[in-house]
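Chemist: Just dropping this structure here.
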Amino acid sequence: MRLDDVVGFLSPAMLAQATPFWEEMMRLVLAMDKTHLEQELSVVVDAVFMGPDRRLAQTLAAQYQARLRPVHTIVSDEGLWQARVEERRARLPIEWDVATWERI
């Protein structure tokens with residue numbers, strides 16, 4: 001499950017309600033993860049977990065006695081990474097504090 005896919009599934013009207021953006025998107029990702037875990041399915045999440053959402057993921061894993069195995073990755077295609085960051089930035093309101101390629 002990729003955070004960018006979750007963002008891509010939402011209409012502009014729904015995205016307009018996602019404030020703060022990161023917290024709302026991670027809430028959706030973790031809710032879908034919970035559904036998978038309830039069905040005793042494995043879950044692989046492609047997202048950066050920071051602060052509160054990391055703790056929520058840990059709590060969710062503990063609740064379902066699932067092993068949480070963070071994987072640190074290195075981007076193999078920097079151009080693709082840049083394109084994803086720029087596409088996400090272009091879809092969302094400018095006032096949202098979403099990462100820009102320059103910040104990364």
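Chain lettering (A, B, ...) mirrors the order of the structure tokens, residue numbering begins at 1 for each chain separately, and ligand numbering begins at 1 in order of display.
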Might you pull out every residue within 12 Å of Trp96 in chain A, with only C-alpha atoms counted and same-chain residues fewer than 3 positions away left off, and present them as JSON, numbers by chain?

Modeler: {"A": [15, 16, 17, 18, 19, 20, 21, 22, 23, 88, 89, 90, 91, 92, 93, 99, 100]}

Chemist: Please provide the set of residues having any atom within 9 Å of Leu3 in chain A, restricted to only C-alpha atoms, with same-chain residues fewer than 5 positions apart removed, written as a list in words.

Modeler: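 Residues near the query, excluding close chain neighbours: Gly8, Met25, Met26, Leu28, Val29, Val45, Asp46, Ala47 and Val48 of chain A.
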
Chemist: Mind giving me the straight-line distance from CA of Leu60 in chain A to CA of Lys34 in chain A in Å, one decimal?

Modeler: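 Rounded to one decimal, the two atoms are 7.0 Å apart.
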
Chemist: What is the distance, in Å and to one decimal place, between CA of Tyr64 in chain A and CA of Leu37 in chain A?

Modeler: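 Rounded to one decimal, the two atoms are 6.6 Å apart.
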
Chemist: Would you compute the distance between CA of Val43 in chain A and CA of Ala62 in chain A? Give it in Å to one decimal.

Modeler: 13.7 Å

Chemist: When distances are computed from only C-alpha atoms, which of A:Gln58, A:Gln65, A:Ser11, A:Ser76 shows the smallest separation from Ser42 in chain A?

Modeler: A:Gln65

Chemist: Based on DSSP run over this structure's backbone, return all residues of chain A in helix (DSSP H, G or I), as a ChimeraX atom specification.

Modeler: /A:3-9,12-16,21-38,52-63,78-91

Chemist: Would you please work out which residue, of A:Met1, A:Glu87, A:Leu30, A:Glu95, is nearest to Thr59 in chain A when using only C-alpha atoms?

Modeler: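 Ranked by minimum distance to Thr59 in chain A, first place goes to A:Leu30.
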
Chemist: Trp101 in chain A: which residues within 9 Å, counting only C-alpha atoms, same-chain residues fewer than 2 positions away excluded, as a short mmCIF file (atom, residue, chain, number, x, y, z; two decimals) with all heavy atoms, in the first residue's frame?

Modeler:
data_model
loop_
_atom_site.label_atom_id
_atom_site.label_comp_id
_atom_site.auth_asym_id
_atom_site.auth_seq_id
_atom_site.Cartn_x
_atom_site.Cartn_y
_atom_site.Cartn_z
N TRP A 81 11.24 9.43 -8.06
CA TRP A 81 10.97 10.00 -6.75
C TRP A 81 10.63 11.49 -6.88
O TRP A 81 9.64 11.97 -6.33
CB TRP A 81 12.19 9.80 -5.86
CG TRP A 81 12.08 10.31 -4.45
CD1 TRP A 81 10.94 10.54 -3.72
CD2 TRP A 81 13.17 10.65 -3.60
NE1 TRP A 81 11.27 10.99 -2.47
CE2 TRP A 81 12.63 11.07 -2.37
CE3 TRP A 81 14.55 10.63 -3.75
CZ2 TRP A 81 13.43 11.48 -1.30
CZ3 TRP A 81 15.34 11.03 -2.69
CH2 TRP A 81 14.78 11.44 -1.48
N GLN A 82 11.44 12.22 -7.64
CA GLN A 82 11.19 13.64 -7.84
C GLN A 82 9.84 13.87 -8.50
O GLN A 82 9.08 14.75 -8.08
CB GLN A 82 12.30 14.27 -8.69
CG GLN A 82 12.10 15.75 -8.90
CD GLN A 82 13.24 16.40 -9.67
OE1 GLN A 82 14.26 15.78 -9.96
NE2 GLN A 82 13.08 17.67 -10.00
N ALA A 83 9.50 13.07 -9.49
CA ALA A 83 8.21 13.21 -10.17
C ALA A 83 7.06 13.00 -9.20
O ALA A 83 6.07 13.75 -9.22
CB ALA A 83 8.12 12.23 -11.34
N VAL A 85 7.05 13.41 -5.91
CA VAL A 85 7.00 14.53 -4.97
C VAL A 85 6.37 15.74 -5.64
O VAL A 85 5.49 16.41 -5.07
CB VAL A 85 8.42 14.86 -4.45
CG1 VAL A 85 8.44 16.19 -3.70
CG2 VAL A 85 8.94 13.74 -3.57
N GLU A 86 6.77 16.03 -6.87
CA GLU A 86 6.25 17.20 -7.56
C GLU A 86 4.77 17.03 -7.94
O GLU A 86 4.00 17.99 -7.87
CB GLU A 86 7.11 17.50 -8.79
CG GLU A 86 8.49 18.01 -8.38
CD GLU A 86 9.47 18.15 -9.54
OE1 GLU A 86 9.17 17.65 -10.66
OE2 GLU A 86 10.53 18.75 -9.32
N ARG A 89 2.78 17.59 -4.75
CA ARG A 89 2.78 19.03 -4.44
C ARG A 89 1.79 19.77 -5.34
O ARG A 89 1.07 20.66 -4.90
CB ARG A 89 4.20 19.58 -4.62
CG ARG A 89 4.39 21.06 -4.49
CD ARG A 89 4.24 21.59 -3.10
NE ARG A 89 2.85 21.94 -2.89
CZ ARG A 89 2.26 22.14 -1.73
NH1 ARG A 89 2.93 22.00 -0.62
NH2 ARG A 89 1.01 22.44 -1.62
N ALA A 99 5.95 18.15 1.45
CA ALA A 99 7.35 18.22 1.03
C ALA A 99 7.47 18.67 -0.41
O ALA A 99 6.68 18.29 -1.28
CB ALA A 99 8.00 16.85 1.20
N ARG A 103 13.04 20.93 -0.68
CA ARG A 103 13.22 20.60 0.75
C ARG A 103 13.85 19.25 0.94
O ARG A 103 14.62 19.03 1.87
CB ARG A 103 11.88 20.66 1.48
CG ARG A 103 11.46 22.09 1.78
CD ARG A 103 10.09 22.19 2.41
NE ARG A 103 9.89 21.37 3.57
CZ ARG A 103 8.70 21.06 4.06
NH1 ARG A 103 7.60 21.51 3.49
NH2 ARG A 103 8.59 20.30 5.12
N ILE A 104 13.48 18.31 0.08
CA ILE A 104 14.04 16.96 0.21
C ILE A 104 15.50 16.99 -0.14
O ILE A 104 16.34 16.43 0.51
CB ILE A 104 13.27 15.96 -0.68
CG1 ILE A 104 11.86 15.80 -0.13
CG2 ILE A 104 14.00 14.63 -0.78
CD1 ILE A 104 10.93 14.98 -1.00
#
